[in-house]
>>> print(open('my_file12.pdb').read())   # PDB, C-alpha atoms and all ligand atoms
ATOM      1  CA  MET A   1      64.442 100.227 143.831
ATOM      2  CA  SER A   2      67.561 102.339 143.549
ATOM      3  CA  ASP A   3      70.733 100.753 142.331
ATOM      4  CA  PRO A   4      73.708 102.193 144.278
ATOM      5  CA  ALA A   5      76.205 101.657 141.436
ATOM      6  CA  ALA A   6      73.893 103.386 138.937
ATOM      7  CA  ASP A   7      73.334 106.265 141.393
ATOM      8  CA  ILE A   8      77.109 106.707 141.764
ATOM      9  CA  ASP A   9      77.409 106.851 137.956
ATOM     10  CA  LYS A  10      74.637 109.450 137.717
ATOM     11  CA  GLY A  11      76.317 111.551 140.369
ATOM     12  CA  ARG A  12      79.700 111.317 138.719
ATOM     13  CA  LEU A  13      78.247 112.269 135.344
ATOM     14  CA  LEU A  14      76.341 115.273 136.670
ATOM     15  CA  PHE A  15      79.246 116.723 138.630
ATOM     16  CA  ALA A  16      81.771 116.075 135.830
ATOM     17  CA  GLY A  17      79.749 118.210 133.405
ATOM     18  CA  ALA A  18      79.564 121.956 133.009
ATOM     19  CA  CYS A  19      79.431 124.050 136.154
ATOM     20  CA  ASP A  20      78.902 127.749 135.621
ATOM     21  CA  PHE A  21      78.885 130.674 138.007
ATOM     22  CA  VAL A  22      75.473 132.312 137.739
ATOM     23  CA  ALA A  23      75.390 135.115 140.309
ATOM     24  CA  GLY A  24      76.588 136.384 143.668
ATOM     25  CA  SER A  25      73.680 137.787 145.657
ATOM     26  CA  THR A  26      73.850 139.989 148.714
ATOM     27  CA  ARG A  27      70.098 140.379 149.066
ATOM     28  CA  VAL A  28      67.121 138.175 148.247
ATOM     29  CA  ASP A  29      65.817 140.718 145.791
ATOM     30  CA  ASN A  30      68.806 140.046 143.549
ATOM     31  CA  ILE A  31      68.936 136.259 143.631
ATOM     32  CA  PRO A  32      68.619 134.587 140.247
ATOM     33  CA  GLU A  33      65.114 133.746 139.124
ATOM     34  CA  THR A  34      65.079 130.144 138.033
ATOM     35  CA  ASP A  35      62.998 127.060 138.542
ATOM     36  CA  LEU A  36      65.956 124.661 138.609
ATOM     37  CA  PRO A  37      66.025 122.371 141.631
ATOM     38  CA  GLU A  38      68.506 123.843 144.088
ATOM     39  CA  VAL A  39      70.861 122.498 146.759
ATOM     40  CA  ALA A  40      72.379 124.937 149.246
ATOM     41  CA  PHE A  41      75.535 124.521 151.313
ATOM     42  CA  ALA A  42      75.722 126.078 154.759
ATOM     43  CA  GLY A  43      78.220 125.889 157.591
ATOM     44  CA  ARG A  44      80.457 127.725 159.994
ATOM     45  CA  SER A  45      83.263 129.788 158.501
ATOM     46  CA  ASN A  46      86.273 127.576 157.909
ATOM     47  CA  VAL A  47      84.222 124.356 158.081
ATOM     48  CA  GLY A  48      85.601 123.395 154.651
ATOM     49  CA  LYS A  49      82.612 124.443 152.532
ATOM     50  CA  SER A  50      84.593 125.856 149.613
ATOM     51  CA  SER A  51      86.845 122.807 149.627
ATOM     52  CA  LEU A  52      83.840 120.471 149.607
ATOM     53  CA  ILE A  53      82.141 122.295 146.710
ATOM     54  CA  ASN A  54      85.401 122.214 144.782
ATOM     55  CA  ALA A  55      85.825 118.482 145.525
ATOM     56  CA  LEU A  56      82.246 117.723 144.439
ATOM     57  CA  THR A  57      82.631 119.589 141.165
ATOM     58  CA  GLY A  58      86.229 118.494 140.621
ATOM     59  CA  ARG A  59      87.313 122.112 140.257
ATOM     60  CA  ASN A  60      90.061 123.746 142.217
ATOM     61  CA  ALA A  61      88.876 127.284 142.306
ATOM     62  CA  LEU A  62      85.126 127.340 141.819
ATOM     63  CA  ALA A  63      84.368 128.292 145.393
ATOM     64  CA  ARG A  64      87.377 130.159 146.676
ATOM     65  CA  VAL A  65      89.142 128.438 149.580
ATOM     66  CA  SER A  66      89.396 131.398 151.839
ATOM     67  CA  HIS A  67      91.970 132.280 154.402
ATOM     68  CA  THR A  68      89.970 135.179 155.773
ATOM     69  CA  PRO A  69      86.871 133.523 157.229
ATOM     70  CA  GLY A  70      83.658 135.460 157.541
ATOM     71  CA  ARG A  71      84.323 137.932 154.744
ATOM     72  CA  THR A  72      81.854 136.880 152.063
ATOM     73  CA  GLN A  73      78.301 137.853 152.888
ATOM     74  CA  GLN A  74      76.761 136.723 149.665
ATOM     75  CA  ILE A  75      75.142 133.648 148.208
ATOM     76  CA  ASN A  76      76.985 132.328 145.179
ATOM     77  CA  PHE A  77      74.974 130.376 142.641
ATOM     78  CA  PHE A  78      76.419 127.798 140.253
ATOM     79  CA  SER A  79      74.500 125.869 137.616
ATOM     80  CA  LEU A  80      75.422 122.236 137.086
ATOM     81  CA  GLY A  81      74.698 121.616 133.429
ATOM     82  CA  GLY A  82      71.354 123.420 133.645
ATOM     83  CA  ARG A  83      70.039 120.553 135.795
ATOM     84  CA  LEU A  84      70.841 121.504 139.375
ATOM     85  CA  MET A  85      71.658 124.835 141.009
ATOM     86  CA  LEU A  86      74.232 124.903 143.792
ATOM     87  CA  ALA A  87      73.924 127.779 146.274
ATOM     88  CA  ASP A  88      77.001 128.482 148.388
ATOM     89  CA  LEU A  89      75.688 130.292 151.481
ATOM     90  CA  PRO A  90      77.958 132.652 153.446
ATOM     91  CA  GLY A  91      79.636 131.019 156.450
ATOM     92  CA  TYR A  92      78.461 131.838 159.964
ATOM     93  CA  GLY A  93      79.876 131.787 163.477
ATOM     94  CA  TYR A  94      83.100 133.649 162.888
ATOM     95  CA  ALA A  95      83.992 135.284 166.194
ATOM     96  CA  LYS A  96      85.435 138.517 164.807
ATOM     97  CA  VAL A  97      82.402 139.471 162.741
ATOM     98  CA  ALA A  98      80.536 142.604 163.854
ATOM     99  CA  LYS A  99      76.998 142.289 165.226
ATOM    100  CA  ARG A 100      75.577 144.161 162.267
ATOM    101  CA  GLN A 101      77.117 141.617 159.896
ATOM    102  CA  VAL A 102      75.601 138.742 161.891
ATOM    103  CA  ALA A 103      72.209 140.450 161.604
ATOM    104  CA  ASN A 104      72.748 140.849 157.844
ATOM    105  CA  TRP A 105      73.665 137.178 157.539
ATOM    106  CA  THR A 106      70.617 136.057 159.462
ATOM    107  CA  ARG A 107      68.268 138.224 157.424
ATOM    108  CA  LEU A 108      69.751 137.068 154.110
ATOM    109  CA  ILE A 109      69.583 133.388 155.075
ATOM    110  CA  GLU A 110      66.111 133.612 156.621
ATOM    111  CA  ASP A 111      64.731 135.380 153.560
ATOM    112  CA  TYR A 112      66.439 132.901 151.268
ATOM    113  CA  LEU A 113      65.305 129.761 153.135
ATOM    114  CA  ARG A 114      61.739 130.963 153.408
ATOM    115  CA  GLY A 115      61.328 132.219 149.895
ATOM    116  CA  ARG A 116      63.166 129.674 147.776
ATOM    117  CA  ARG A 117      60.503 127.257 146.611
ATOM    118  CA  GLN A 118      62.810 125.171 144.421
ATOM    119  CA  LEU A 119      65.198 124.525 147.325
ATOM    120  CA  ALA A 120      65.354 120.722 147.432
ATOM    121  CA  ARG A 121      67.952 120.286 150.153
ATOM    122  CA  VAL A 122      70.347 122.189 152.396
ATOM    123  CA  CYS A 123      73.622 120.458 153.148
ATOM    124  CA  LEU A 124      74.611 121.642 156.603
ATOM    125  CA  LEU A 125      78.345 121.163 156.943
ATOM    126  CA  ILE A 126      79.687 120.242 160.355
ATOM    127  CA  ASP A 127      83.363 119.960 161.196
ATOM    128  CA  GLY A 128      84.014 116.222 161.603
ATOM    129  CA  ARG A 129      86.733 116.912 164.158
ATOM    130  CA  HIS A 130      84.439 118.739 166.562
ATOM    131  CA  GLY A 131      80.802 117.829 165.890
ATOM    132  CA  LEU A 132      77.951 120.280 166.529
ATOM    133  CA  LYS A 133      78.731 123.667 168.061
ATOM    134  CA  ASP A 134      76.249 126.234 169.359
ATOM    135  CA  ALA A 135      76.388 128.246 166.140
ATOM    136  CA  ASP A 136      75.428 125.054 164.255
ATOM    137  CA  ARG A 137      72.529 124.466 166.641
ATOM    138  CA  ALA A 138      71.303 127.984 165.897
ATOM    139  CA  ALA A 139      71.515 127.177 162.170
ATOM    140  CA  LEU A 140      69.556 123.944 162.749
ATOM    141  CA  GLU A 141      66.858 125.937 164.503
ATOM    142  CA  LEU A 142      66.697 128.434 161.679
ATOM    143  CA  MET A 143      66.193 125.570 159.233
ATOM    144  CA  ASP A 144      63.544 123.921 161.384
ATOM    145  CA  LYS A 145      61.685 127.237 161.432
ATOM    146  CA  SER A 146      61.952 127.587 157.664
ATOM    147  CA  ALA A 147      60.790 123.978 157.123
ATOM    148  CA  VAL A 148      63.501 123.154 154.599
ATOM    149  CA  VAL A 149      64.873 119.637 154.303
ATOM    150  CA  TYR A 150      68.467 119.581 155.352
ATOM    151  CA  GLN A 151      71.163 117.001 155.658
ATOM    152  CA  VAL A 152      74.256 117.012 157.817
ATOM    153  CA  VAL A 153      77.544 116.505 156.023
ATOM    154  CA  LEU A 154      80.623 116.068 158.185
ATOM    155  CA  THR A 155      83.779 117.627 156.748
ATOM    156  CA  LYS A 156      87.507 117.036 157.329
ATOM    157  CA  ALA A 157      86.775 113.409 158.262
ATOM    158  CA  ASP A 158      90.403 112.572 157.435
ATOM    159  CA  LYS A 159      91.447 114.639 160.443
ATOM    160  CA  ALA A 160      88.929 113.154 162.855
ATOM    161  CA  LYS A 161      90.562 109.719 163.033
ATOM    162  CA  ALA A 162      89.623 107.744 166.165
ATOM    163  CA  GLU A 163      86.883 110.162 167.284
ATOM    164  CA  LEU A 164      85.004 110.024 163.974
ATOM    165  CA  ASP A 165      82.675 107.153 164.921
ATOM    166  CA  GLU A 166      81.716 108.846 168.167
ATOM    167  CA  ILE A 167      81.170 112.224 166.454
ATOM    168  CA  VAL A 168      79.011 110.563 163.765
ATOM    169  CA  ARG A 169      76.969 108.825 166.468
ATOM    170  CA  ALA A 170      76.488 111.910 168.650
ATOM    171  CA  THR A 171      75.677 114.176 165.699
ATOM    172  CA  ALA A 172      73.189 111.688 164.228
ATOM    173  CA  ALA A 173      71.488 111.305 167.625
ATOM    174  CA  GLU A 174      71.127 115.066 168.010
ATOM    175  CA  ILE A 175      69.829 115.752 164.492
ATOM    176  CA  ALA A 176      67.357 112.867 164.775
ATOM    177  CA  LYS A 177      65.412 115.156 167.122
ATOM    178  CA  HIS A 178      64.892 117.644 164.294
ATOM    179  CA  THR A 179      61.907 116.780 162.147
ATOM    180  CA  ALA A 180      63.085 118.480 158.971
ATOM    181  CA  ALA A 181      66.435 116.695 158.933
ATOM    182  CA  HIS A 182      67.175 114.108 156.287
ATOM    183  CA  PRO A 183      68.340 110.935 158.016
ATOM    184  CA  THR A 184      71.505 110.190 156.055
ATOM    185  CA  LEU A 185      74.650 111.650 157.539
ATOM    186  CA  ILE A 186      77.680 111.555 155.275
ATOM    187  CA  ALA A 187      81.263 111.877 156.484
ATOM    188  CA  THR A 188      83.438 113.506 153.825
ATOM    189  CA  SER A 189      86.963 114.635 153.213
ATOM    190  CA  ALA A 190      87.840 117.082 150.451
ATOM    191  CA  HIS A 191      91.435 115.962 150.870
ATOM    192  CA  THR A 192      91.041 112.175 150.525
ATOM    193  CA  GLY A 193      87.777 112.120 148.556
ATOM    194  CA  MET A 194      86.004 110.121 151.261
ATOM    195  CA  GLY A 195      82.200 110.350 150.933
ATOM    196  CA  ILE A 196      82.350 112.601 147.850
ATOM    197  CA  GLU A 197      80.913 110.075 145.382
ATOM    198  CA  GLU A 198      78.192 109.158 147.854
ATOM    199  CA  LEU A 199      77.201 112.815 148.281
ATOM    200  CA  ARG A 200      77.273 113.409 144.500
ATOM    201  CA  ALA A 201      74.925 110.429 144.082
ATOM    202  CA  GLU A 202      72.527 111.773 146.735
ATOM    203  CA  LEU A 203      72.406 115.233 145.178
ATOM    204  CA  ALA A 204      72.134 113.956 141.593
ATOM    205  CA  ALA A 205      68.871 112.284 142.612
ATOM    206  CA  LEU A 206      67.453 115.811 143.155
ATOM    207  CA  ALA A 207      68.551 117.144 139.741
ATOM    208  CA  ARG A 208      66.195 117.797 136.857
ATOM    209  CA  ALA A 209      66.078 114.808 134.523
ATOM    210  CA  ARG A 210      67.867 115.276 131.220
TER     211      ARG A 210
HETATM  212  P1  LIG A 301      85.207 127.524 154.228
HETATM  213  O1  LIG A 301      85.560 128.774 154.947
HETATM  214  O2  LIG A 301      84.132 126.771 154.921
HETATM  215  O3  LIG A 301      84.931 127.703 152.767
HETATM  216  O4  LIG A 301      86.456 126.537 154.360
HETATM  217  P2  LIG A 301      87.659 126.253 153.355
HETATM  218  O5  LIG A 301      87.233 125.317 152.276
HETATM  219  O6  LIG A 301      88.269 127.550 152.962
HETATM  220  O7  LIG A 301      88.633 125.406 154.301
HETATM  221  C1  LIG A 301      89.103 125.904 155.527
HETATM  222  C2  LIG A 301      90.391 125.189 155.894
HETATM  223  O8  LIG A 301      90.131 123.801 156.132
HETATM  224  C3  LIG A 301      91.451 125.237 154.785
HETATM  225  O9  LIG A 301      92.705 125.409 155.401
HETATM  226  C4  LIG A 301      91.340 123.870 154.126
HETATM  227  O10 LIG A 301      92.546 123.436 153.542
HETATM  228  C5  LIG A 301      90.948 122.990 155.300
HETATM  229  N1  LIG A 301      90.146 121.837 154.829
HETATM  230  C6  LIG A 301      89.043 121.899 154.056
HETATM  231  N2  LIG A 301      88.580 120.662 153.801
HETATM  232  C7  LIG A 301      89.409 119.789 154.415
HETATM  233  C8  LIG A 301      89.457 118.349 154.505
HETATM  234  O11 LIG A 301      88.633 117.602 153.967
HETATM  235  N3  LIG A 301      90.457 117.823 155.270
HETATM  236  C9  LIG A 301      91.377 118.600 155.901
HETATM  237  N4  LIG A 301      92.314 117.980 156.622
HETATM  238  N5  LIG A 301      91.367 119.951 155.828
HETATM  239  C10 LIG A 301      90.407 120.537 155.091
END
>>> encode(input="my_file12.pdb", output="structure tokens")
Amino acid sequence: MSDPAADIDKGRLLFAGACDFVAGSTRVDNIPETDLPEVAFAGRSNVGKSSLINALTGRNALARVSHTPGRTQQINFFSLGGRLMLADLPGYGYAKVAKRQVANWTRLIEDYLRGRRQLARVCLLIDGRHGLKDADRAALELMDKSAVVYQVVLTKADKAKAELDEIVRATAAEIAKHTAAHPTLIATSAHTGMGIEELRAELAALARAR
């Protein structure tokens, strides 16, 4: 049986260790070849993905907190102590992005999701203030099609206040209909640290043993 306190310690230890930038890939033919277990982070532009990755790793500038959403069209890979690879996927759903860029995004993500055997989990980030939007539903469909296991992580939970319980309930009910979804839904805040230890513990369970 798992011991929650021990899992929290494992998570803390893993994310407090070395975290090194490995590569930024614009196409699947230049993604790093490795057999490390991998966790990817996906979400709409501005969902708080960079902030969450920085909060998880305790670094301020690992994933750049961007003020120009939709610009990066590459997957950034970071190695956590040679035990777990983090893949920061480019954000989607930014209204001002040209059609061609959307097509590029879709191709990159489809190729990545289908071809990445060591991918242990995708954390799909959803804005905790708003819940699922159509662009997120399209991402859910893409993941269903690719048969990857994904987990919904709500962001900016500190801002959601009174609506948070209802958004958690509605989001959980909707993702329960997706077979490839992992049942645990975690509400996080990069600003207050809410849910961060819990998420670290979940992800540490996927890491290669030391
Ligand atoms: P990305 O585009 O998904 O990487 O999002 P960023 O991490 O750049 O964040 C987008 C905006 O949301 C920034 O202005 C952040 O300060 C803000 N933000 C990110 N996380 C949180 C959070 O947990 N709480 C609050 N209140 N704001 C957040």
>>> residues_near_ligand(input="my_file12.pdb", ligand="ligand LIG 301 (chain A)", cutoff="10 Å", atoms="all atoms listed in the file", output="NGL selection string")
:A and (41-55 or 63-72 or 88-92 or 94 or 125-129 or 154-160 or 187-194)
>>> residues_around(input="my_file12.pdb", residues="Asn104 of chain A", least_positions_apart="3", cutoff="12 Å", atoms="only C-alpha atoms", output="number ranges by chain")
A: 26-28, 72-74, 90, 92, 97-101, 107-111
>>> closest_residue(input="my_file12.pdb", among="A:Gly115, A:Gly17, A:Gly58, A:Gly82", to="Ile196 of chain A", atoms="all atoms listed in the file")
A:Gly58
>>> resolve_selection(input="my_file12.pdb", expression="the PyMOL selection byres (((chain A and resi 185) around 9) and not hetatm)", output="list in words")
Gln151, Val152, Val153, Leu154, Val168, Thr171, Ala172, His182, Pro183, Thr184, Ile186 and Ala187 of chain A
>>> resolve_selection(input="my_file12.pdb", expression="the PyMOL selection byres (((chain A and resi 139) around 10) and not hetatm)", output="ChimeraX atom specification")
/A:42-44,92-93,106,109,124,133-138,140-145
>>> atom_distance(input="my_file12.pdb", atom1="atom CA of Ala205 of chain A", atom2="atom CA of Cys19 of chain A")
17.1 Å
>>> atom_distance(input="my_file12.pdb", atom1="atom CA of Ser2 of chain A", atom2="atom CA of Glu202 of chain A")
11.1 Å
>>> atom_distance(input="my_file12.pdb", atom1="atom CA of Arg210 of chain A", atom2="atom CA of Gly11 of chain A")
13.0 Å
>>> closest_residue(input="my_file12.pdb", among="A:Ile31, A:Ala16, A:Gly131, A:Val22", to="Glu166 of chain A", atoms="all atoms listed in the file")
A:Gly131
>>> resolve_selection(input="my_file12.pdb", expression="the PyMOL selection byres (((chain A and resi 204) around 12) and not hetatm)", output="JSON list (two decimals) with C-alpha atoms, in the coordinates of the input")
[["chain", "number", "residue", "atom", "x", "y", "z"],
["A", 6, "ALA", "CA", 73.89, 103.39, 138.94],
["A", 7, "ASP", "CA", 73.33, 106.26, 141.39],
["A", 8, "ILE", "CA", 77.11, 106.71, 141.76],
["A", 9, "ASP", "CA", 77.41, 106.85, 137.96],
["A", 10, "LYS", "CA", 74.64, 109.45, 137.72],
["A", 11, "GLY", "CA", 76.32, 111.55, 140.37],
["A", 12, "ARG", "CA", 79.70, 111.32, 138.72],
["A", 13, "LEU", "CA", 78.25, 112.27, 135.34],
["A", 14, "LEU", "CA", 76.34, 115.27, 136.67],
["A", 15, "PHE", "CA", 79.25, 116.72, 138.63],
["A", 16, "ALA", "CA", 81.77, 116.08, 135.83],
["A", 17, "GLY", "CA", 79.75, 118.21, 133.40],
["A", 37, "PRO", "CA", 66.03, 122.37, 141.63],
["A", 38, "GLU", "CA", 68.51, 123.84, 144.09],
["A", 39, "VAL", "CA", 70.86, 122.50, 146.76],
["A", 56, "LEU", "CA", 82.25, 117.72, 144.44],
["A", 57, "THR", "CA", 82.63, 119.59, 141.16],
["A", 80, "LEU", "CA", 75.42, 122.24, 137.09],
["A", 81, "GLY", "CA", 74.70, 121.62, 133.43],
["A", 83, "ARG", "CA", 70.04, 120.55, 135.79],
["A", 84, "LEU", "CA", 70.84, 121.50, 139.38],
["A", 85, "MET", "CA", 71.66, 124.84, 141.01],
["A", 86, "LEU", "CA", 74.23, 124.90, 143.79],
["A", 120, "ALA", "CA", 65.35, 120.72, 147.43],
["A", 121, "ARG", "CA", 67.95, 120.29, 150.15],
["A", 197, "GLU", "CA", 80.91, 110.08, 145.38],
["A", 198, "GLU", "CA", 78.19, 109.16, 147.85],
["A", 199, "LEU", "CA", 77.20, 112.82, 148.28],
["A", 200, "ARG", "CA", 77.27, 113.41, 144.50],
["A", 201, "ALA", "CA", 74.92, 110.43, 144.08],
["A", 202, "GLU", "CA", 72.53, 111.77, 146.74],
["A", 203, "LEU", "CA", 72.41, 115.23, 145.18],
["A", 205, "ALA", "CA", 68.87, 112.28, 142.61],
["A", 206, "LEU", "CA", 67.45, 115.81, 143.16],
["A", 207, "ALA", "CA", 68.55, 117.14, 139.74],
["A", 208, "ARG", "CA", 66.19, 117.80, 136.86],
["A", 209, "ALA", "CA", 66.08, 114.81, 134.52],
["A", 210, "ARG", "CA", 67.87, 115.28, 131.22]]
>>> closest_residue(input="my_file12.pdb", among="A:Ala95, A:Ile175, A:Ala40, A:Ala170", to="Val122 of chain A", atoms="all atoms listed in the file")
A:Ala40
